[in-house]
Amino acid sequence: MEVEIRSSHSFGEANYHLQFTPAYRRPIFADDAIRALARDYILAAAARHGITVAAIGFGPDHCHVFTTACKNHSPSNAAKILKGFSSRMVQKNHRGLFSGQL
């Protein structure tokens, strides 16, 4: 997939591969409900901040997010936006799902 970013003063491409890992590598993404919620919250945060998510993949203890057209955000800022929002919303609104895992 080729994504070009054009603005009045620049032309380029900015793709990031981000990996999010929970504390102590807990296998929280083994649960399908948590995986679906995390995916939905990551996509919501990306849409809010103008980040295009090309792919999301999950392992039992980590999440991979591949972003494209992310020129206005540094890699650390994009990670902070996506991981921070999704983690906060899952913990705030769906605390009961973590009963056996925390």
# chains A, B, ... in the order shown; residues from 1 in each chain; ligands from 1

call {"tool": "residues_around", "arguments": {"residues": "stretch 65-79 of chain A", "least_positions_apart": "4", "cutoff": "12 Å", "atoms": "only C-alpha atoms", "output": "number ranges by chain"}}
result
A: 1-7, 10-21, 38-39, 42-43, 45-59, 83-87

call {"tool": "write_last_selection", "arguments": {"atoms": "C-alpha atoms", "output": "mmCIF file, in the first residue's frame"}}
result
data_model
loop_
_atom_site.group_PDB
_atom_site.id
_atom_site.type_symbol
_atom_site.label_atom_id
_atom_site.label_comp_id
_atom_site.auth_asym_id
_atom_site.auth_seq_id
_atom_site.Cartn_x
_atom_site.Cartn_y
_atom_site.Cartn_z
ATOM 1 C CA MET A 1 0.000 0.000 0.000
ATOM 2 C CA GLU A 2 1.425 3.337 -0.995
ATOM 3 C CA VAL A 3 0.182 6.401 0.864
ATOM 4 C CA GLU A 4 1.327 9.847 -0.149
ATOM 5 C CA ILE A 5 0.950 12.890 2.058
ATOM 6 C CA ARG A 6 0.720 16.196 0.257
ATOM 7 C CA SER A 7 0.411 19.651 1.718
ATOM 8 C CA SER A 10 5.740 19.238 1.583
ATOM 9 C CA PHE A 11 5.396 15.813 0.065
ATOM 10 C CA GLY A 12 6.174 12.602 1.885
ATOM 11 C CA GLU A 13 5.159 9.528 3.745
ATOM 12 C CA ALA A 14 5.120 8.723 7.460
ATOM 13 C CA ASN A 15 4.330 5.167 8.548
ATOM 14 C CA TYR A 16 4.708 3.862 12.099
ATOM 15 C CA HIS A 17 4.621 0.343 13.470
ATOM 16 C CA LEU A 18 3.645 0.629 17.132
ATOM 17 C CA GLN A 19 3.558 -2.227 19.629
ATOM 18 C CA PHE A 20 1.634 -1.841 22.869
ATOM 19 C CA THR A 21 2.378 -4.186 25.750
ATOM 20 C CA ALA A 38 -9.269 -2.122 22.408
ATOM 21 C CA ARG A 39 -9.511 -2.174 18.608
ATOM 22 C CA ILE A 42 -7.801 2.676 19.086
ATOM 23 C CA LEU A 43 -9.736 3.396 15.891
ATOM 24 C CA ALA A 45 -8.716 7.829 18.993
ATOM 25 C CA ALA A 46 -7.062 7.634 15.572
ATOM 26 C CA ALA A 47 -10.098 9.156 13.863
ATOM 27 C CA ARG A 48 -10.261 11.949 16.436
ATOM 28 C CA HIS A 49 -6.605 12.915 15.872
ATOM 29 C CA GLY A 50 -6.374 12.375 12.116
ATOM 30 C CA ILE A 51 -4.252 9.217 12.246
ATOM 31 C CA THR A 52 -4.925 6.587 9.587
ATOM 32 C CA VAL A 53 -4.702 3.029 10.910
ATOM 33 C CA ALA A 54 -3.812 0.542 8.177
ATOM 34 C CA ALA A 55 -3.736 -2.625 10.309
ATOM 35 C CA ILE A 56 -4.207 -3.822 13.879
ATOM 36 C CA GLY A 57 -3.028 -7.212 15.121
ATOM 37 C CA PHE A 58 -3.129 -8.841 18.538
ATOM 38 C CA GLY A 59 -1.111 -11.448 20.373
ATOM 39 C CA LYS A 83 -2.497 3.634 23.862
ATOM 40 C CA GLY A 84 -3.511 6.215 26.439
ATOM 41 C CA PHE A 85 -7.058 6.683 25.195
ATOM 42 C CA SER A 86 -7.771 3.001 24.583
ATOM 43 C CA SER A 87 -6.313 1.881 27.919
#

call {"tool": "select_by_dssp", "arguments": {"residues": "chain A", "states": "strand (DSSP E or B)", "output": "PyMOL selection string"}}
result
chain A and resi 5-6+11-12+16-20+52-59+62-68

call {"tool": "write_last_selection", "arguments": {"atoms": "C-alpha atoms", "output": "PDB file, in the first residue's frame"}}
result
ATOM      1  CA  ILE A   5       0.950  12.890   2.058  1.00  0.00           C
ATOM      2  CA  ARG A   6       0.720  16.196   0.257  1.00  0.00           C
ATOM      3  CA  PHE A  11       5.396  15.813   0.065  1.00  0.00           C
ATOM      4  CA  GLY A  12       6.174  12.602   1.885  1.00  0.00           C
ATOM      5  CA  TYR A  16       4.708   3.862  12.099  1.00  0.00           C
ATOM      6  CA  HIS A  17       4.621   0.343  13.470  1.00  0.00           C
ATOM      7  CA  LEU A  18       3.645   0.629  17.132  1.00  0.00           C
ATOM      8  CA  GLN A  19       3.558  -2.227  19.629  1.00  0.00           C
ATOM      9  CA  PHE A  20       1.634  -1.841  22.869  1.00  0.00           C
ATOM     10  CA  THR A  52      -4.925   6.587   9.587  1.00  0.00           C
ATOM     11  CA  VAL A  53      -4.702   3.029  10.910  1.00  0.00           C
ATOM     12  CA  ALA A  54      -3.812   0.542   8.177  1.00  0.00           C
ATOM     13  CA  ALA A  55      -3.736  -2.625  10.309  1.00  0.00           C
ATOM     14  CA  ILE A  56      -4.207  -3.822  13.879  1.00  0.00           C
ATOM     15  CA  GLY A  57      -3.028  -7.212  15.121  1.00  0.00           C
ATOM     16  CA  PHE A  58      -3.129  -8.841  18.538  1.00  0.00           C
ATOM     17  CA  GLY A  59      -1.111 -11.448  20.373  1.00  0.00           C
ATOM     18  CA  HIS A  62       0.557  -7.336  22.982  1.00  0.00           C
ATOM     19  CA  CYS A  63      -1.027  -5.268  20.233  1.00  0.00           C
ATOM     20  CA  HIS A  64       0.505  -4.156  16.919  1.00  0.00           C
ATOM     21  CA  VAL A  65      -0.790  -1.011  15.213  1.00  0.00           C
ATOM     22  CA  PHE A  66       0.462   0.063  11.786  1.00  0.00           C
ATOM     23  CA  THR A  67      -0.339   3.693  11.015  1.00  0.00           C
ATOM     24  CA  THR A  68      -0.026   5.585   7.763  1.00  0.00           C
TER      25      THR A  68
END

call {"tool": "select_by_dssp", "arguments": {"residues": "chain A", "states": "alpha helix (DSSP H)", "output": "PyMOL selection string"}}
result
chain A and resi 32-49+75-93

call {"tool": "atom_distance", "arguments": {"atom1": "atom CA of A:Leu97", "atom2": "atom CA of A:Ala33"}}
result
8.1 Å

call {"tool": "residues_around", "arguments": {"residues": "A:Asp61", "least_positions_apart": "2", "cutoff": "6 Å", "atoms": "only C-alpha atoms", "output": "NGL selection string"}}
result
:A and (25-27 or 29 or 59)

call {"tool": "closest_residue", "arguments": {"among": "A:Met89, A:Pro60, A:Lys80, A:Gly96", "to": "A:Asp32", "atoms": "only C-alpha atoms"}}
result
A:Pro60
